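*Asks:* Data file start_3.tsv (TSV, C-alpha atoms) is appended below.
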chain	number	residue	atom	x	y	z
P	1	MET	CA	-5.59	-16.03	31.45
P	2	ALA	CA	-6.31	-18.36	34.39
P	3	ARG	CA	-7.79	-15.47	36.35
P	4	VAL	CA	-10.02	-14.44	33.42
P	5	TRP	CA	-11.19	-18.03	32.95
P	6	GLY	CA	-11.91	-18.44	36.67
P	7	ASN	CA	-14.03	-15.29	36.79
P	8	VAL	CA	-15.99	-16.17	33.67
P	9	ARG	CA	-16.53	-19.77	34.77
P	10	GLY	CA	-17.87	-18.58	38.10
P	11	ARG	CA	-20.37	-16.33	36.38
P	12	LEU	CA	-21.42	-19.04	33.94
P	13	GLU	CA	-22.12	-21.56	36.71
P	14	GLY	CA	-24.40	-19.13	38.51
P	15	ALA	CA	-26.00	-17.54	35.43
P	16	PRO	CA	-29.49	-18.47	34.14
P	17	PRO	CA	-29.37	-20.74	31.06
P	18	ALA	CA	-30.74	-18.03	28.78
P	19	ARG	CA	-27.77	-15.77	29.51
P	20	ARG	CA	-24.99	-18.30	29.18
P	21	GLY	CA	-24.54	-17.58	25.50
P	22	LEU	CA	-23.80	-13.98	26.37
P	23	GLY	CA	-21.30	-15.13	28.95
P	24	TRP	CA	-19.43	-17.16	26.38
P	25	ALA	CA	-19.41	-14.18	24.01
P	26	ALA	CA	-17.96	-12.00	26.78
P	27	PHE	CA	-15.34	-14.65	27.49
P	28	GLY	CA	-14.40	-14.80	23.80
P	29	ALA	CA	-13.97	-11.02	23.65
P	30	ALA	CA	-11.88	-11.11	26.81
P	31	VAL	CA	-9.62	-13.83	25.41
P	32	VAL	CA	-9.06	-11.81	22.23
P	33	ALA	CA	-8.23	-8.71	24.25
P	34	VAL	CA	-5.86	-10.59	26.54
P	35	ALA	CA	-4.19	-12.30	23.59
P	36	ALA	CA	-3.69	-8.93	21.93
P	37	ALA	CA	-2.20	-7.51	25.11
P	38	LEU	CA	0.17	-10.46	25.39
P	39	ALA	CA	1.32	-9.86	21.82
P	40	LEU	CA	2.28	-6.31	22.73
P	41	LEU	CA	4.31	-7.47	25.73
P	42	VAL	CA	6.39	-10.09	23.94
P	43	PRO	CA	9.99	-8.94	23.41
P	44	ARG	CA	10.84	-7.62	19.93
P	45	GLY	CA	12.80	-10.71	18.96
P	46	HIS	CA	9.70	-12.88	19.48
P	47	ALA	CA	7.20	-10.75	17.55
P	48	GLY	CA	6.74	-13.44	14.94
P	49	SER	CA	5.83	-16.16	17.43
P	50	ALA	CA	3.35	-13.84	19.18
P	51	LEU	CA	1.34	-12.91	16.09
P	52	GLU	CA	2.01	-15.65	13.53
P	53	ASN	CA	-1.24	-17.49	12.69
P	54	ALA	CA	-3.14	-15.59	15.39
P	55	ALA	CA	-6.83	-14.85	14.87
P	56	LEU	CA	-8.48	-11.58	15.94
P	57	GLU	CA	-12.27	-11.49	16.08
P	58	THR	CA	-14.80	-9.04	17.47
P	59	ALA	CA	-18.48	-9.41	18.31
P	60	GLY	CA	-20.33	-6.24	19.29
P	61	ASP	CA	-17.30	-4.16	20.28
P	62	THR	CA	-14.28	-2.81	18.44
P	63	LEU	CA	-10.71	-3.92	19.14
P	64	GLY	CA	-7.48	-1.93	18.92
P	65	VAL	CA	-4.05	-3.54	18.64
P	66	THR	CA	-0.68	-1.80	18.53
P	67	LEU	CA	2.16	-3.73	16.91
P	68	LEU	CA	5.72	-3.58	18.17
P	69	ASP	CA	6.77	-1.15	15.43
P	70	GLY	CA	4.03	1.31	16.42
P	71	SER	CA	1.56	0.36	13.69
P	72	LYS	CA	-2.04	0.43	14.92
P	73	LEU	CA	-4.84	-1.92	13.89
P	74	THR	CA	-8.51	-1.23	14.66
P	75	LEU	CA	-11.11	-3.94	14.08
P	76	ASP	CA	-14.73	-2.84	13.74
P	77	SER	CA	-17.48	-4.89	15.36
P	78	ARG	CA	-18.21	-8.28	13.79
P	79	THR	CA	-14.80	-8.49	12.14
P	80	HIS	CA	-12.50	-11.50	11.75
P	81	VAL	CA	-8.84	-11.11	10.81
P	82	GLN	CA	-6.26	-13.88	10.50
P	83	VAL	CA	-2.57	-13.00	10.89
P	84	ALA	CA	-0.82	-15.00	8.16
P	85	GLY	CA	2.56	-13.39	8.85
P	86	GLY	CA	3.68	-11.30	11.77
P	87	ASN	CA	7.46	-11.08	12.05
P	88	SER	CA	9.65	-7.98	12.02
P	89	ASP	CA	10.17	-8.13	8.24
P	90	ALA	CA	6.68	-9.04	7.04
P	91	VAL	CA	3.12	-8.57	8.25
P	92	ALA	CA	0.26	-10.24	6.38
P	93	LEU	CA	-3.38	-9.91	7.47
P	94	VAL	CA	-6.32	-11.77	5.94
P	95	VAL	CA	-9.76	-10.19	6.46
P	96	GLY	CA	-12.38	-12.95	6.67
P	97	HIS	CA	-15.22	-10.47	7.08
P	98	GLY	CA	-15.78	-7.02	8.53
P	99	ARG	CA	-13.57	-3.93	8.44
P	100	ILE	CA	-10.05	-3.23	9.68
P	101	SER	CA	-8.28	0.15	9.82
P	102	CYS	CA	-4.48	0.15	9.62
P	103	ASP	CA	-2.23	3.05	10.62
P	104	VAL	CA	1.08	1.65	9.38
P	105	THR	CA	4.43	2.96	10.57
P	106	HIS	CA	6.97	3.42	7.80
P	107	ARG	CA	9.75	0.86	8.05
P	108	PRO	CA	12.19	0.44	5.12
P	109	GLY	CA	12.33	-3.10	3.76
P	110	ARG	CA	9.30	-4.32	5.72
P	111	SER	CA	6.37	-5.86	3.83
P	112	PHE	CA	2.86	-5.08	5.09
P	113	VAL	CA	0.00	-6.74	3.21
P	114	VAL	CA	-3.75	-6.97	3.82
P	115	ARG	CA	-5.82	-9.50	1.82
P	116	ALA	CA	-9.61	-9.67	1.46
P	117	SER	CA	-11.48	-12.02	-0.89
P	118	GLY	CA	-8.80	-12.08	-3.57
P	119	VAL	CA	-7.84	-8.40	-3.27
P	120	GLU	CA	-4.36	-7.60	-1.92
P	121	VAL	CA	-3.34	-4.23	-0.48
P	122	ARG	CA	0.40	-3.54	-0.26
P	123	VAL	CA	1.59	-0.86	2.10
P	124	VAL	CA	4.76	1.13	2.82
P	125	GLY	CA	3.54	3.58	5.44
P	126	THR	CA	0.04	4.98	5.42
P	127	LEU	CA	-3.39	5.15	7.04
P	128	PHE	CA	-6.07	3.13	5.29
P	129	SER	CA	-8.96	0.74	5.85
P	130	VAL	CA	-10.11	-2.50	4.20
P	131	ARG	CA	-13.70	-3.73	4.37
P	132	ASP	CA	-14.85	-7.19	3.27
P	133	GLU	CA	-18.64	-7.15	3.49
P	134	GLN	CA	-20.48	-10.42	2.84
P	135	ARG	CA	-23.98	-9.70	1.52
P	136	PRO	CA	-26.63	-11.99	0.02
P	137	ASP	CA	-25.91	-10.59	-3.44
P	138	GLY	CA	-22.14	-11.10	-3.15
P	139	VAL	CA	-18.94	-9.71	-1.65
P	140	HIS	CA	-18.33	-5.96	-1.44
P	141	ILE	CA	-14.69	-4.95	-0.96
P	142	ASP	CA	-13.67	-1.36	-0.22
P	143	VAL	CA	-10.22	0.14	0.35
P	144	ASN	CA	-10.13	3.73	1.62
P	145	VAL	CA	-6.83	5.63	1.92
P	146	GLU	CA	-6.64	8.54	4.35
P	147	ARG	CA	-2.88	9.17	4.22
P	148	GLY	CA	-0.07	8.04	1.93
P	149	MET	CA	-0.57	5.57	-0.92
P	150	VAL	CA	-1.16	1.83	-1.34
P	151	GLU	CA	-0.93	-0.66	-4.18
P	152	VAL	CA	-4.00	-2.83	-4.77
P	153	VAL	CA	-4.05	-5.97	-6.90
P	154	SER	CA	-6.97	-8.31	-7.52
P	155	GLU	CA	-6.73	-11.97	-8.47
P	156	ARG	CA	-9.68	-11.35	-10.77
P	157	HIS	CA	-7.64	-8.79	-12.75
P	158	PRO	CA	-4.18	-10.40	-13.07
P	159	GLY	CA	-1.32	-8.14	-14.06
P	160	GLN	CA	-3.06	-4.92	-13.04
P	161	VAL	CA	-1.91	-2.73	-10.17
P	162	SER	CA	-4.04	0.12	-8.84
P	163	HIS	CA	-2.28	2.95	-7.00
P	164	ILE	CA	-4.72	4.45	-4.51
P	165	ALA	CA	-3.65	7.76	-2.97
P	166	ALA	CA	-4.99	9.73	-0.02
P	167	GLY	CA	-8.62	10.68	-0.53
P	168	GLN	CA	-9.23	7.94	-3.09
P	169	ARG	CA	-11.17	4.68	-2.82
P	170	PHE	CA	-10.91	1.27	-4.44
P	171	SER	CA	-14.03	-0.89	-4.62
P	172	GLU	CA	-14.83	-4.26	-6.11
P	173	PHE	CA	-18.05	-6.30	-6.15
P	174	VAL	CA	-18.17	-10.07	-6.70
P	175	PRO	CA	-21.70	-11.39	-7.30
P	176	ALA	CA	-22.55	-14.42	-5.21
P	177	ALA	CA	-23.94	-16.46	-8.11
P	178	THR	CA	-21.10	-16.12	-10.61
P	179	GLY	CA	-18.05	-15.22	-8.53
P	180	VAL	CA	-17.05	-12.83	-11.35
P	181	PRO	CA	-16.56	-9.08	-10.74
P	182	SER	CA	-19.40	-6.93	-11.95
P	183	ASP	CA	-18.95	-4.02	-14.33
P	184	SER	CA	-19.23	-1.69	-11.36
P	185	ALA	CA	-15.78	-2.65	-10.06
P	186	ALA	CA	-13.80	0.58	-9.96
P	187	ALA	CA	-11.17	2.62	-8.20
P	188	LEU	CA	-12.49	6.08	-7.45
P	189	PRO	CA	-11.73	8.63	-8.71
P	190	LEU	CA	-9.25	6.74	-10.91
P	191	PRO	CA	-10.49	3.88	-13.15
P	192	ALA	CA	-7.99	1.40	-11.77
P	193	LEU	CA	-9.55	-1.83	-13.01
P	194	GLU	CA	-9.88	-1.09	-16.70
P	195	PRO	CA	-7.89	-3.55	-18.85
P	196	ALA	CA	-4.41	-2.14	-19.33
P	197	THR	CA	-2.35	-2.55	-22.50
P	198	SER	CA	1.39	-2.87	-22.00
P	199	PRO	CA	3.24	-0.36	-24.23
P	200	ARG	CA	6.17	-2.75	-24.44
P	201	SER	CA	4.24	-5.92	-25.20
P	202	ALA	CA	1.27	-4.64	-27.22
P	203	PRO	CA	1.42	-6.14	-30.75
P	204	SER	CA	1.60	-3.71	-33.64
P	205	ALA	CA	1.06	-4.45	-37.32
P	206	PRO	CA	3.92	-3.75	-39.73
P	207	ALA	CA	3.65	-0.42	-41.51
P	208	SER	CA	3.54	-2.11	-44.91
P	209	ALA	CA	0.59	-4.26	-43.93
P	210	SER	CA	-1.44	-1.29	-42.74
P	211	LEU	CA	-0.70	0.61	-45.95
P	212	GLU	CA	-1.81	-2.30	-48.12
P	213	GLN	CA	-5.18	-2.45	-46.39
P	214	ARG	CA	-5.96	1.24	-46.89
P	215	SER	CA	-7.56	2.69	-49.95
P	216	PRO	CA	-6.03	5.78	-51.57
P	217	GLY	CA	-6.69	8.87	-49.52
P	218	GLU	CA	-7.80	6.92	-46.46
P	219	PRO	CA	-6.16	8.29	-43.28
P	220	ALA	CA	-3.71	6.09	-41.44
P	221	PRO	CA	-5.15	4.28	-38.42
P	222	ALA	CA	-4.57	5.95	-35.08
P	223	VAL	CA	-1.60	4.58	-33.15
P	224	HIS	CA	-2.38	3.67	-29.53
P	225	GLU	CA	-0.56	5.96	-27.15
P	226	PRO	CA	-0.17	4.42	-23.68
P	227	SER	CA	-1.89	6.35	-20.92
P	228	PRO	CA	-0.04	7.49	-17.77
P	229	ARG	CA	-1.64	4.67	-15.81
P	230	GLU	CA	-0.56	2.10	-18.38
P	231	LEU	CA	2.99	3.42	-18.38
P	232	LEU	CA	3.08	3.38	-14.59
P	233	ASP	CA	1.81	-0.21	-14.47
P	234	VAL	CA	4.45	-1.32	-16.96
P	235	ALA	CA	7.20	0.55	-15.09
P	236	ASN	CA	6.19	-0.98	-11.78
P	237	THR	CA	6.12	-4.45	-13.32
P	238	ALA	CA	9.62	-3.97	-14.73
P	239	ARG	CA	10.89	-2.67	-11.39
P	240	ARG	CA	9.49	-5.65	-9.47
P	241	ALA	CA	11.02	-7.98	-12.08
P	242	GLY	CA	14.45	-6.42	-11.47
P	243	ASP	CA	14.74	-4.61	-14.83
P	244	ALA	CA	15.85	-1.27	-13.42
P	245	ARG	CA	16.85	0.24	-16.76
P	246	ALA	CA	13.51	-0.50	-18.45
P	247	ALA	CA	11.58	0.73	-15.43
P	248	ALA	CA	13.59	3.96	-15.35
P	249	ASP	CA	12.85	4.53	-19.05
P	250	ASP	CA	9.11	4.10	-18.45
P	251	TYR	CA	9.08	6.43	-15.44
P	252	SER	CA	10.98	8.99	-17.54
P	253	GLN	CA	8.35	8.70	-20.27
P	254	ILE	CA	5.62	9.58	-17.79
P	255	LEU	CA	7.51	12.72	-16.73
P	256	LYS	CA	8.21	13.65	-20.33
P	257	LYS	CA	4.75	13.05	-21.82
P	258	PHE	CA	2.48	13.64	-18.82
P	259	PRO	CA	4.22	16.12	-16.48
P	260	SER	CA	0.91	17.43	-15.12
P	261	ASP	CA	-0.68	14.01	-14.47
P	262	GLY	CA	-1.35	13.03	-10.87
P	263	ARG	CA	0.99	10.04	-11.22
P	264	ALA	CA	3.99	12.14	-12.28
P	265	GLY	CA	5.12	12.75	-8.71
P	266	LEU	CA	5.15	9.03	-7.91
P	267	ALA	CA	6.95	8.30	-11.19
P	268	ALA	CA	9.62	10.88	-10.31
P	269	PHE	CA	10.08	9.36	-6.85
P	270	GLU	CA	10.44	5.82	-8.21
P	271	LEU	CA	12.84	7.07	-10.88
P	272	GLY	CA	14.93	8.80	-8.23
P	273	ARG	CA	15.05	5.62	-6.14
P	274	LEU	CA	16.16	3.52	-9.11
P	275	ARG	CA	18.86	5.96	-10.17
P	276	MET	CA	20.10	6.20	-6.61
P	277	ASP	CA	19.95	2.54	-5.53
P	278	ARG	CA	20.32	0.55	-8.74
P	279	LEU	CA	21.82	2.68	-11.50
P	280	GLY	CA	24.44	4.67	-9.58
P	281	ASP	CA	23.30	7.96	-11.12
P	282	MET	CA	23.31	10.44	-8.24
P	283	ALA	CA	22.96	13.51	-10.44
P	284	GLY	CA	19.93	11.96	-12.14
P	285	ALA	CA	18.56	10.90	-8.76
P	286	VAL	CA	18.76	14.46	-7.49
P	287	GLN	CA	16.90	15.74	-10.54
P	288	ALA	CA	14.12	13.15	-10.19
P	289	LEU	CA	13.73	13.54	-6.43
P	290	GLU	CA	13.52	17.33	-6.72
P	291	ARG	CA	10.68	16.88	-9.19
P	292	ALA	CA	8.97	14.37	-6.88
P	293	VAL	CA	8.98	16.89	-4.04
P	294	GLN	CA	7.72	19.62	-6.35
P	295	LEU	CA	4.99	17.59	-8.06
P	296	ALA	CA	3.53	15.83	-5.01
P	297	PRO	CA	3.58	18.19	-2.01
P	298	GLY	CA	0.94	16.27	-0.06
P	299	SER	CA	1.95	12.72	-0.94
P	300	GLY	CA	2.86	9.94	1.46
P	301	PHE	CA	6.30	9.50	-0.13
P	302	ARG	CA	7.34	13.17	0.09
P	303	GLU	CA	9.17	12.64	3.38
P	304	ASP	CA	11.21	9.78	1.89
P	305	ALA	CA	11.96	11.84	-1.21
P	306	MET	CA	13.22	14.78	0.85
P	307	ALA	CA	15.38	12.50	3.00
P	308	ARG	CA	16.86	10.84	-0.07
P	309	LEU	CA	17.68	14.25	-1.51
P	310	VAL	CA	19.96	14.90	1.46
P	311	THR	CA	21.78	11.60	0.86
P	312	ALA	CA	22.08	12.20	-2.88
P	313	TYR	CA	23.45	15.71	-2.44
P	314	ALA	CA	25.93	14.50	0.16
P	315	ALA	CA	27.12	11.67	-2.10
P	316	SER	CA	27.55	14.21	-4.91
P	317	ARG	CA	29.60	16.46	-2.58
P	318	ARG	CA	27.23	19.36	-3.12
P	319	SER	CA	27.45	20.80	0.37
P	320	SER	CA	25.28	23.89	0.00
P	321	GLU	CA	22.45	21.99	-1.69
P	322	CYS	CA	22.75	19.25	0.94
P	323	ALA	CA	22.37	21.78	3.75
P	324	ARG	CA	19.37	23.33	2.00
P	325	ALA	CA	17.71	19.93	1.57
P	326	ARG	CA	18.48	19.01	5.18
P	327	ASP	CA	16.97	22.21	6.55
P	328	ALA	CA	13.90	21.80	4.33
P	329	TYR	CA	13.32	18.26	5.63
P	330	LEU	CA	13.73	19.24	9.29
P	331	ALA	CA	11.35	22.17	8.82
P	332	ALA	CA	8.70	20.01	7.16
P	333	PHE	CA	9.16	16.92	9.37
P	334	PRO	CA	10.69	17.99	12.72
P	335	ALA	CA	9.84	14.58	14.24
P	336	GLY	CA	10.19	12.59	11.00
P	337	VAL	CA	11.36	8.99	10.86
P	338	HIS	CA	14.55	10.05	9.02
P	339	ARG	CA	15.40	12.92	11.37
P	340	ASP	CA	18.58	11.38	12.82
P	341	SER	CA	20.07	10.31	9.49
P	342	VAL	CA	19.13	13.61	7.81
P	343	THR	CA	20.66	15.63	10.64
P	344	ARG	CA	23.95	13.78	10.18
P	345	GLY	CA	23.68	13.67	6.39
P	346	CYS	CA	25.64	16.84	5.63
P	347	GLY	CA	27.73	16.91	8.79
P	348	THR	CA	26.96	18.95	11.89
P	349	PRO	CA	24.37	21.62	11.12
Represent the structure of the file as structure tokens.
*Replies:*
Amino acid sequence: MARVWGNVRGRLEGAPPARRGLGWAAFGAAVVAVAAALALLVPRGHAGSALENAALETAGDTLGVTLLDGSKLTLDSRTHVQVAGGNSDAVALVVGHGRISCDVTHRPGRSFVVRASGVEVRVVGTLFSVRDEQRPDGVHIDVNVERGMVEVVSERHPGQVSHIAAGQRFSEFVPAATGVPSDSAAALPLPALEPATSPRSAPSAPASASLEQRSPGEPAPAVHEPSPRELLDVANTARRAGDARAAADDYSQILKKFPSDGRAGLAAFELGRLRMDRLGDMAGAVQALERAVQLAPGSGFREDAMARLVTAYAASRRSSECARARDAYLAAFPAGVHRDSVTRGCGTP
């Protein structure tokens, strides 16, 4: 740092006044780059102190940063990102303006969150980008997922969770004058920001009351059937609240009523995780995880589902199925993050 400062100061003292502003900009970019490099060199036990409350900002150039766990961040030009949390268990980035791309390494139990103007993106392991563009007419927020899946929540739509998979995009526009999202806010191609009705909490009139209000021969009013997205939102809410049994019931309803829906694979995976980790139902976990692998062949959670299948089969003492699941995982993910544990899962191959 002293050497960088000395070189820049020498140039500034000899530079014409009109060019000094450019010199300061170059110095700022150099400081950011050096600070990022220092963060990469800090020992693993000090990762939090290296990144906590750090600010990354670019002018005309881009900036790439690799975290200690292998996750890669790329800031576009004219981007400001504040690191609100940066320890080994939690990473939180706040995009002030501009665009950041995140290639996040899967790490069980680690929280990775990116926030931009009231929108929060929650990540497990995926490749995605977040753009917070400040325009005269308001704020334009875009989340693009290239690999895996993320959860997106907006403070302007409390209680709603949008699941954005690879190839999909979430966008939200906040007009400058009102600060209220416009009707164009949407998650493409899924309508993620439509008001959701909770199947468990939605009020329903007693049957007798509805009959009294109908004239003879008048058909009964249509009963609202929750959509797959509504069921998934309710199941996720129950899971985060610790109600494993209720969440499992909702995930099961998705598989029963909407087996061909694009969310069925994710529902099967979450159901398998709950049965395996919370409900002690290994046979049920195997059934759900097998469906997750079958229904979502290109999903970001398929590797985890296949690795969990090995563990579930081993715990159930189903040796032949365990070996089959192990070989399938190693064939699909020869350098996967679970390779070591899967290889040992059924004993020596």
*Asks:* List the neighbours of P:His97 out to 7 Å using only C-alpha atoms; skip same-chain residues closer than 3 positions along the sequence, and give me the result as a ChimeraX atom specification.
*Replies:* /P:79-80,132-134
*Asks:* At a cut-off of 8 Å, using all atoms listed in the file, what residues contact stretch 263-267 of chain P? Leave out same-chain residues fewer than 6 positions from it and give the result as JSON, numbers by chain.
*Replies:* {"P": [228, 229, 232, 251, 252, 254, 255, 291, 292, 293, 294, 295, 296, 301]}
*Asks:* Using all atoms listed in the file, which of the listed residues (P:Cys346, P:Gly300, P:Met306, P:Ala59) sits closest to P:Ser319?
*Replies:*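 Once distances to P:Ser319 are computed over all atoms listed in the file, the minimum belongs to P:Cys346.
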*Asks:* Which of these, P:Glu155, P:Asp137, P:Glu172, P:Glu146, has the shortest distance to P:Ser299 once you count only C-alpha atoms?
*Replies:* P:Glu146
*Asks:* Could you check how far atom CA of P:Asp304 sits from atom CA of P:Val104, in Å to one decimal?
*Replies:*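 Atom CA of P:Val104 lies at a distance of 15.0 Å from atom CA of P:Asp304.
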*Asks:* Any chance you could build stretch 239-250 of chain P out to N, CA and C atoms and write it as a PDB file, in the frame of the given file?
*Replies:*
ATOM      1  N   ARG P 239      10.112  -2.872 -12.617  1.00  0.00           N
ATOM      2  CA  ARG P 239      10.890  -2.670 -11.390  1.00  0.00           C
ATOM      3  C   ARG P 239      10.824  -3.892 -10.495  1.00  0.00           C
ATOM      4  N   ARG P 240       9.611  -4.468 -10.324  1.00  0.00           N
ATOM      5  CA  ARG P 240       9.490  -5.650  -9.470  1.00  0.00           C
ATOM      6  C   ARG P 240      10.206  -6.852 -10.078  1.00  0.00           C
ATOM      7  N   ALA P 241      10.327  -6.873 -11.419  1.00  0.00           N
ATOM      8  CA  ALA P 241      11.020  -7.980 -12.080  1.00  0.00           C
ATOM      9  C   ALA P 241      12.536  -7.791 -12.064  1.00  0.00           C
ATOM     10  N   GLY P 242      13.018  -6.657 -11.555  1.00  0.00           N
ATOM     11  CA  GLY P 242      14.450  -6.420 -11.470  1.00  0.00           C
ATOM     12  C   GLY P 242      15.055  -5.724 -12.671  1.00  0.00           C
ATOM     13  N   ASP P 243      14.239  -5.297 -13.639  1.00  0.00           N
ATOM     14  CA  ASP P 243      14.740  -4.610 -14.830  1.00  0.00           C
ATOM     15  C   ASP P 243      14.753  -3.112 -14.554  1.00  0.00           C
ATOM     16  N   ALA P 244      15.787  -2.661 -13.864  1.00  0.00           N
ATOM     17  CA  ALA P 244      15.850  -1.270 -13.420  1.00  0.00           C
ATOM     18  C   ALA P 244      15.926  -0.304 -14.593  1.00  0.00           C
ATOM     19  N   ARG P 245      16.687  -0.661 -15.638  1.00  0.00           N
ATOM     20  CA  ARG P 245      16.850   0.240 -16.760  1.00  0.00           C
ATOM     21  C   ARG P 245      15.525   0.462 -17.494  1.00  0.00           C
ATOM     22  N   ALA P 246      14.797  -0.634 -17.759  1.00  0.00           N
ATOM     23  CA  ALA P 246      13.510  -0.500 -18.450  1.00  0.00           C
ATOM     24  C   ALA P 246      12.515   0.278 -17.597  1.00  0.00           C
ATOM     25  N   ALA P 247      12.494   0.010 -16.305  1.00  0.00           N
ATOM     26  CA  ALA P 247      11.580   0.730 -15.430  1.00  0.00           C
ATOM     27  C   ALA P 247      11.901   2.220 -15.412  1.00  0.00           C
ATOM     28  N   ALA P 248      13.192   2.552 -15.353  1.00  0.00           N
ATOM     29  CA  ALA P 248      13.590   3.960 -15.350  1.00  0.00           C
ATOM     30  C   ALA P 248      13.156   4.645 -16.648  1.00  0.00           C
ATOM     31  N   ASP P 249      13.271   3.943 -17.767  1.00  0.00           N
ATOM     32  CA  ASP P 249      12.850   4.530 -19.050  1.00  0.00           C
ATOM     33  C   ASP P 249      11.347   4.824 -19.040  1.00  0.00           C
ATOM     34  N   ASP P 250      10.560   3.896 -18.483  1.00  0.00           N
ATOM     35  CA  ASP P 250       9.110   4.100 -18.450  1.00  0.00           C
ATOM     36  C   ASP P 250       8.719   5.247 -17.516  1.00  0.00           C
TER      37      ASP P 250
END
